[in-house]
Amino acid sequence: LFELNGFPSWFDSLVRIHPKAFDLTLGNEISLELNSKISDQNNSIILHRISNVSQTVASLLVPRLSQWLENQDDIFTEEVIPSGLAYRLSHVLDVILKSGNQNAIENLLVVAKLRLADVNHFELDLIWLKTLVRLDVSIGIEYLENRISDIKPEQNSKAVIYFCSLFRNRHDAILLLESNFSPPILLKLLRLAYHHIRPEDDQVHEGSYTPNAR
């Protein structure tokens with residue numbers, strides 16, 4: 001049933017004709033993976049593929065994914081977490097953001113705010129903050145500003161990591177060219193960036209280029 005990085009194309013037809021049967025099979029398998037013990041190993045076979053499923057398949061899975069998010073109060077507030085949790089969370093959020101209906105997106109906005117209010121782990125904080133910016137850029141940038149307001153500008157401060165994680169040149173980065181980034185929001189971001197990511201702290205390259213967070 002698996003193809004490279006995804007599921008067979010005929011899954012769409014199966015979902016349209018037998019949605020309940022599909023949900024009882026693949027849906028239950030996803031729930032089992034989500035509710036299984038989380039380790040430091042990213043070995044979730046199905047979760048690895050659901051980010052690439054079609055809108056037809058994803059929309060059927062969104063309710064299960066949303067329910068899992070809402071029922072994880074304890075583990076998301078712990079200071080020490082297995083790395084597999086971040087992997088699991090990122091894939092779940094990706095599907096909901098891409099394929100969730102208006103109700104699912106509105107619920108996710110509420111959940112993201114709640115998680116950001118009590119999260120104790122930096123990696124999870126980054127994931128939830130990125131989600132909030134995607135859902136509501138104005139509120140998300142306000143959260144970012146509050147997160148880094150007390151951080152002293154340094155070459156490799158936490159503020160630098162926030163900016164790098166949110167806006168760096170990666171497939172999951174937030175694009176500043178998107179229409180929801182209004183001129184006032186871009187101006188606020190620019191001022192924050194120049195305050196924390198100072199040109200005088202940039203690495204001077206002589207010879208080969210050495211990539212880093214900056």
# chains A, B, ... in the order shown; residues from 1 in each chain; ligands from 1
call {"tool": "closest_atom_pairs", "arguments": {"of": "segment 114-149 of chain A", "to": "segment 185-203 of chain A", "cutoff": "12 Å", "atoms": "only C-alpha atoms", "output": "JSON lines"}}
result
{"residue": "A:Val133", "atom": "CA", "partner": "A:Ile185", "partner_atom": "CA", "distance": 11.4}
{"residue": "A:Asp136", "atom": "CA", "partner": "A:Ile185", "partner_atom": "CA", "distance": 11.6}
{"residue": "A:Val137", "atom": "CA", "partner": "A:Ile185", "partner_atom": "CA", "distance": 8.3}
{"residue": "A:Ser138", "atom": "CA", "partner": "A:Ile185", "partner_atom": "CA", "distance": 7.0}
{"residue": "A:Ile139", "atom": "CA", "partner": "A:Ile185", "partner_atom": "CA", "distance": 10.3}
{"residue": "A:Gly140", "atom": "CA", "partner": "A:Ile185", "partner_atom": "CA", "distance": 10.4}
{"residue": "A:Ile141", "atom": "CA", "partner": "A:Leu189", "partner_atom": "CA", "distance": 7.6}
{"residue": "A:Glu142", "atom": "CA", "partner": "A:Ile185", "partner_atom": "CA", "distance": 9.4}
{"residue": "A:Tyr143", "atom": "CA", "partner": "A:Leu189", "partner_atom": "CA", "distance": 11.9}
{"residue": "A:Leu144", "atom": "CA", "partner": "A:Leu189", "partner_atom": "CA", "distance": 9.4}
{"residue": "A:Glu145", "atom": "CA", "partner": "A:Leu192", "partner_atom": "CA", "distance": 7.5}
{"residue": "A:Asn146", "atom": "CA", "partner": "A:Leu192", "partner_atom": "CA", "distance": 10.9}
{"residue": "A:Arg147", "atom": "CA", "partner": "A:Leu192", "partner_atom": "CA", "distance": 11.5}
{"residue": "A:Ile148", "atom": "CA", "partner": "A:His196", "partner_atom": "CA", "distance": 8.7}
{"residue": "A:Ser149", "atom": "CA", "partner": "A:Leu192", "partner_atom": "CA", "distance": 9.1}
call {"tool": "write_last_selection", "arguments": {"atoms": "N, CA and C atoms", "output": "PDB file, in the first residue's frame"}}
result
ATOM      1  N   VAL A 133       1.818  31.704  13.380  1.00  0.00           N
ATOM      2  CA  VAL A 133       2.096  32.696  12.332  1.00  0.00           C
ATOM      3  C   VAL A 133       1.366  32.321  11.047  1.00  0.00           C
ATOM      4  N   ASP A 136      -2.528  33.068  11.845  1.00  0.00           N
ATOM      5  CA  ASP A 136      -2.840  34.487  12.009  1.00  0.00           C
ATOM      6  C   ASP A 136      -1.529  35.233  12.164  1.00  0.00           C
ATOM      7  N   VAL A 137      -1.048  35.807  11.072  1.00  0.00           N
ATOM      8  CA  VAL A 137       0.293  36.387  11.075  1.00  0.00           C
ATOM      9  C   VAL A 137       0.430  37.529  12.074  1.00  0.00           C
ATOM     10  N   SER A 138      -0.615  38.328  12.246  1.00  0.00           N
ATOM     11  CA  SER A 138      -0.541  39.454  13.164  1.00  0.00           C
ATOM     12  C   SER A 138      -0.356  38.982  14.608  1.00  0.00           C
ATOM     13  N   ILE A 139      -1.165  38.013  15.019  1.00  0.00           N
ATOM     14  CA  ILE A 139      -1.048  37.467  16.375  1.00  0.00           C
ATOM     15  C   ILE A 139       0.274  36.719  16.531  1.00  0.00           C
ATOM     16  N   GLY A 140       0.672  35.987  15.502  1.00  0.00           N
ATOM     17  CA  GLY A 140       1.905  35.224  15.570  1.00  0.00           C
ATOM     18  C   GLY A 140       3.135  36.098  15.748  1.00  0.00           C
ATOM     19  N   ILE A 141       3.210  37.195  15.009  1.00  0.00           N
ATOM     20  CA  ILE A 141       4.351  38.098  15.131  1.00  0.00           C
ATOM     21  C   ILE A 141       4.340  38.795  16.491  1.00  0.00           C
ATOM     22  N   GLU A 142       3.149  39.060  17.013  1.00  0.00           N
ATOM     23  CA  GLU A 142       3.053  39.631  18.359  1.00  0.00           C
ATOM     24  C   GLU A 142       3.614  38.659  19.396  1.00  0.00           C
ATOM     25  N   TYR A 143       3.300  37.366  19.237  1.00  0.00           N
ATOM     26  CA  TYR A 143       3.860  36.354  20.132  1.00  0.00           C
ATOM     27  C   TYR A 143       5.373  36.290  19.993  1.00  0.00           C
ATOM     28  N   LEU A 144       5.862  36.360  18.761  1.00  0.00           N
ATOM     29  CA  LEU A 144       7.306  36.346  18.535  1.00  0.00           C
ATOM     30  C   LEU A 144       7.973  37.537  19.225  1.00  0.00           C
ATOM     31  N   GLU A 145       7.385  38.697  19.090  1.00  0.00           N
ATOM     32  CA  GLU A 145       7.941  39.902  19.708  1.00  0.00           C
ATOM     33  C   GLU A 145       8.003  39.748  21.221  1.00  0.00           C
ATOM     34  N   ASN A 146       6.958  39.179  21.803  1.00  0.00           N
ATOM     35  CA  ASN A 146       6.949  38.970  23.254  1.00  0.00           C
ATOM     36  C   ASN A 146       7.980  37.922  23.677  1.00  0.00           C
ATOM     37  N   ARG A 147       8.159  36.890  22.849  1.00  0.00           N
ATOM     38  CA  ARG A 147       9.109  35.836  23.168  1.00  0.00           C
ATOM     39  C   ARG A 147      10.548  36.365  23.245  1.00  0.00           C
ATOM     40  N   ILE A 148      10.888  37.302  22.373  1.00  0.00           N
ATOM     41  CA  ILE A 148      12.290  37.724  22.270  1.00  0.00           C
ATOM     42  C   ILE A 148      12.540  39.098  22.897  1.00  0.00           C
ATOM     43  N   SER A 149      11.523  39.684  23.520  1.00  0.00           N
ATOM     44  CA  SER A 149      11.650  41.056  24.034  1.00  0.00           C
ATOM     45  C   SER A 149      12.725  41.193  25.108  1.00  0.00           C
TER      46      SER A 149
END
call {"tool": "closest_residue", "arguments": {"among": "A:Phe163, A:Trp128, A:Phe122, A:Trp68", "to": "Ser36 of chain A", "atoms": "only C-alpha atoms"}}
result
A:Trp68
call {"tool": "residues_around", "arguments": {"residues": "segment 16-20 of chain A", "least_positions_apart": "3", "cutoff": "12 Å", "atoms": "only C-alpha atoms", "output": "JSON, numbers by chain"}}
result
{"A": [10, 11, 12, 13, 23, 24, 25, 26, 27, 28, 55, 56, 57, 58, 59, 60, 61]}
call {"tool": "write_last_selection", "arguments": {"atoms": "N, CA, C and O atoms", "output": "mmCIF file, in the first residue's frame"}}
result
data_model
loop_
_atom_site.group_PDB
_atom_site.id
_atom_site.type_symbol
_atom_site.label_atom_id
_atom_site.label_comp_id
_atom_site.auth_asym_id
_atom_site.auth_seq_id
_atom_site.Cartn_x
_atom_site.Cartn_y
_atom_site.Cartn_z
ATOM 1 N N TRP A 10 -4.830 5.557 -6.174
ATOM 2 C CA TRP A 10 -6.191 5.028 -6.152
ATOM 3 C C TRP A 10 -6.850 5.175 -4.782
ATOM 4 O O TRP A 10 -8.047 4.890 -4.632
ATOM 5 N N PHE A 11 -6.109 5.644 -3.789
ATOM 6 C CA PHE A 11 -6.712 5.919 -2.481
ATOM 7 C C PHE A 11 -7.836 6.943 -2.601
ATOM 8 O O PHE A 11 -8.822 6.883 -1.869
ATOM 9 N N ASP A 12 -7.702 7.903 -3.518
ATOM 10 C CA ASP A 12 -8.733 8.931 -3.685
ATOM 11 C C ASP A 12 -10.076 8.309 -4.058
ATOM 12 O O ASP A 12 -11.122 8.662 -3.496
ATOM 13 N N SER A 13 -10.038 7.384 -5.015
ATOM 14 C CA SER A 13 -11.272 6.719 -5.440
ATOM 15 C C SER A 13 -11.861 5.890 -4.308
ATOM 16 O O SER A 13 -13.077 5.861 -4.107
ATOM 17 N N ASP A 23 -11.678 4.993 6.678
ATOM 18 C CA ASP A 23 -11.367 5.590 7.978
ATOM 19 C C ASP A 23 -11.164 4.521 9.047
ATOM 20 O O ASP A 23 -10.308 4.664 9.923
ATOM 21 N N LEU A 24 -11.933 3.444 8.961
ATOM 22 C CA LEU A 24 -11.812 2.371 9.947
ATOM 23 C C LEU A 24 -10.512 1.591 9.789
ATOM 24 O O LEU A 24 -10.057 0.954 10.746
ATOM 25 N N THR A 25 -9.928 1.625 8.608
ATOM 26 C CA THR A 25 -8.671 0.899 8.390
ATOM 27 C C THR A 25 -7.478 1.831 8.555
ATOM 28 O O THR A 25 -6.765 1.772 9.565
ATOM 29 N N LEU A 26 -7.249 2.701 7.580
ATOM 30 C CA LEU A 26 -6.090 3.594 7.662
ATOM 31 C C LEU A 26 -6.230 4.576 8.825
ATOM 32 O O LEU A 26 -5.258 4.879 9.516
ATOM 33 N N GLY A 27 -7.449 5.063 9.048
ATOM 34 C CA GLY A 27 -7.668 5.996 10.144
ATOM 35 C C GLY A 27 -7.299 5.394 11.483
ATOM 36 O O GLY A 27 -6.640 6.029 12.317
ATOM 37 N N ASN A 28 -7.706 4.149 11.702
ATOM 38 C CA ASN A 28 -7.365 3.471 12.954
ATOM 39 C C ASN A 28 -5.868 3.237 13.078
ATOM 40 O O ASN A 28 -5.299 3.315 14.177
ATOM 41 N N GLN A 55 -5.865 16.066 -1.040
ATOM 42 C CA GLN A 55 -6.863 16.771 -0.245
ATOM 43 C C GLN A 55 -8.016 15.838 0.125
ATOM 44 O O GLN A 55 -8.551 15.898 1.227
ATOM 45 N N THR A 56 -8.389 14.962 -0.795
ATOM 46 C CA THR A 56 -9.495 14.030 -0.567
ATOM 47 C C THR A 56 -9.212 13.121 0.618
ATOM 48 O O THR A 56 -10.058 12.923 1.501
ATOM 49 N N VAL A 57 -8.016 12.558 0.651
ATOM 50 C CA VAL A 57 -7.643 11.650 1.740
ATOM 51 C C VAL A 57 -7.402 12.419 3.030
ATOM 52 O O VAL A 57 -7.870 12.028 4.105
ATOM 53 N N ALA A 58 -6.701 13.526 2.930
ATOM 54 C CA ALA A 58 -6.342 14.289 4.128
ATOM 55 C C ALA A 58 -7.570 14.798 4.871
ATOM 56 O O ALA A 58 -7.617 14.781 6.095
ATOM 57 N N SER A 59 -8.567 15.273 4.127
ATOM 58 C CA SER A 59 -9.758 15.837 4.775
ATOM 59 C C SER A 59 -10.489 14.808 5.617
ATOM 60 O O SER A 59 -11.141 15.151 6.609
ATOM 61 N N LEU A 60 -10.362 13.534 5.248
ATOM 62 C CA LEU A 60 -10.988 12.478 6.034
ATOM 63 C C LEU A 60 -10.216 12.208 7.320
ATOM 64 O O LEU A 60 -10.783 11.762 8.323
ATOM 65 N N LEU A 61 -8.925 12.492 7.305
ATOM 66 C CA LEU A 61 -8.075 12.207 8.460
ATOM 67 C C LEU A 61 -8.000 13.358 9.460
ATOM 68 O O LEU A 61 -7.618 13.149 10.614
#
call {"tool": "select_by_dssp", "arguments": {"residues": "segment 44-193 of chain A", "states": "helix (DSSP H, G or I)", "output": "PyMOL selection string"}}
result
chain A and resi 47-50+55-70+75-77+83-99+102-118+122-135+137-148+158-167+183-193
call {"tool": "write_last_selection", "arguments": {"atoms": "C-alpha atoms", "output": "compact mmCIF listing (two decimals), in the first residue's frame"}}
result
# COMPACT_ATOMS: atom_id res chain seq x y z
CA LEU A 47 2.76 9.59 9.62
CA HIS A 48 5.78 10.00 7.39
CA ARG A 49 3.49 9.70 4.36
CA ILE A 50 0.35 11.59 5.34
CA GLN A 55 -6.86 16.77 -0.25
CA THR A 56 -9.49 14.03 -0.57
CA VAL A 57 -7.64 11.65 1.74
CA ALA A 58 -6.34 14.29 4.13
CA SER A 59 -9.76 15.84 4.77
CA LEU A 60 -10.99 12.48 6.03
CA LEU A 61 -8.08 12.21 8.46
CA VAL A 62 -8.18 15.75 9.86
CA PRO A 63 -10.80 15.03 12.59
CA ARG A 64 -8.62 12.25 14.06
CA LEU A 65 -5.52 14.42 13.95
CA SER A 66 -7.33 17.36 15.56
CA GLN A 67 -8.67 15.14 18.33
CA TRP A 68 -5.18 13.84 19.08
CA LEU A 69 -3.84 17.40 19.37
CA GLU A 70 -6.56 18.43 21.79
CA ILE A 75 3.04 15.72 27.32
CA PHE A 76 3.16 19.12 25.58
CA THR A 77 3.93 20.87 28.87
CA SER A 83 12.56 13.96 19.80
CA GLY A 84 9.91 11.78 18.19
CA LEU A 85 7.21 14.04 19.62
CA ALA A 86 8.37 17.04 17.58
CA TYR A 87 8.41 14.87 14.47
CA ARG A 88 4.91 13.57 15.18
CA LEU A 89 3.54 17.01 15.98
CA SER A 90 5.00 18.61 12.84
CA HIS A 91 3.39 16.05 10.54
CA VAL A 92 -0.01 16.33 12.22
CA LEU A 93 0.00 20.12 12.07
CA ASP A 94 1.10 20.08 8.44
CA VAL A 95 -1.92 18.02 7.37
CA ILE A 96 -4.41 20.14 9.33
CA LEU A 97 -2.97 23.40 7.99
CA LYS A 98 -3.11 22.14 4.41
CA SER A 99 -6.41 20.30 4.45
CA GLN A 102 -12.71 26.35 8.53
CA ASN A 103 -13.81 24.74 11.77
CA ALA A 104 -10.60 22.69 12.06
CA ILE A 105 -8.46 25.78 11.39
CA GLU A 106 -10.34 27.86 13.95
CA ASN A 107 -9.94 25.10 16.55
CA LEU A 108 -6.25 24.82 15.73
CA LEU A 109 -5.81 28.54 16.34
CA VAL A 110 -7.29 28.11 19.82
CA VAL A 111 -5.09 25.08 20.54
CA ALA A 112 -1.94 26.87 19.31
CA LYS A 113 -2.54 29.78 21.69
CA LEU A 114 -3.11 27.40 24.60
CA ARG A 115 0.06 25.43 23.86
CA LEU A 116 2.17 28.58 23.53
CA ALA A 117 0.90 29.74 26.91
CA ASP A 118 2.24 26.71 28.78
CA PHE A 122 11.99 25.21 23.07
CA GLU A 123 11.60 22.95 20.03
CA LEU A 124 7.85 22.59 20.62
CA ASP A 125 7.60 26.33 21.20
CA LEU A 126 9.12 26.92 17.75
CA ILE A 127 6.69 24.49 16.12
CA TRP A 128 3.64 26.05 17.74
CA LEU A 129 4.84 29.60 17.03
CA LYS A 130 5.34 28.77 13.35
CA THR A 131 1.84 27.31 13.29
CA LEU A 132 0.38 30.43 14.88
CA VAL A 133 2.10 32.70 12.33
CA ARG A 134 0.61 30.62 9.52
CA LEU A 135 -2.86 30.80 11.07
CA VAL A 137 0.29 36.39 11.07
CA SER A 138 -0.54 39.45 13.16
CA ILE A 139 -1.05 37.47 16.37
CA GLY A 140 1.90 35.22 15.57
CA ILE A 141 4.35 38.10 15.13
CA GLU A 142 3.05 39.63 18.36
CA TYR A 143 3.86 36.35 20.13
CA LEU A 144 7.31 36.35 18.54
CA GLU A 145 7.94 39.90 19.71
CA ASN A 146 6.95 38.97 23.25
CA ARG A 147 9.11 35.84 23.17
CA ILE A 148 12.29 37.72 22.27
CA LYS A 158 17.66 32.46 21.05
CA ALA A 159 16.16 35.33 19.06
CA VAL A 160 18.44 34.44 16.15
CA ILE A 161 17.25 30.83 16.35
CA TYR A 162 13.61 31.97 16.34
CA PHE A 163 14.13 33.98 13.15
CA CYS A 164 16.17 31.22 11.55
CA SER A 165 13.56 28.55 12.32
CA LEU A 166 10.63 30.64 11.12
CA PHE A 167 11.97 32.30 8.00
CA PRO A 183 3.65 46.49 5.20
CA PRO A 184 3.24 47.34 8.93
CA ILE A 185 3.92 43.71 9.90
CA LEU A 186 6.95 43.55 7.61
CA LEU A 187 8.25 46.80 9.10
CA LYS A 188 7.87 45.38 12.63
CA LEU A 189 9.71 42.22 11.60
CA LEU A 190 12.48 44.23 9.95
CA ARG A 191 13.06 46.27 13.09
CA LEU A 192 13.05 43.15 15.27
CA ALA A 193 15.48 41.41 12.92
call {"tool": "atom_distance", "arguments": {"atom1": "atom CA of Ser51 of chain A", "atom2": "atom CA of Ser182 of chain A"}}
result
28.6 Å
call {"tool": "atom_distance", "arguments": {"atom1": "atom CA of Ile174 of chain A", "atom2": "atom CA of Pro8 of chain A"}}
result
29.2 Å
call {"tool": "atom_distance", "arguments": {"atom1": "atom CA of Phe181 of chain A", "atom2": "atom CA of Arg168 of chain A"}}
result
16.0 Å
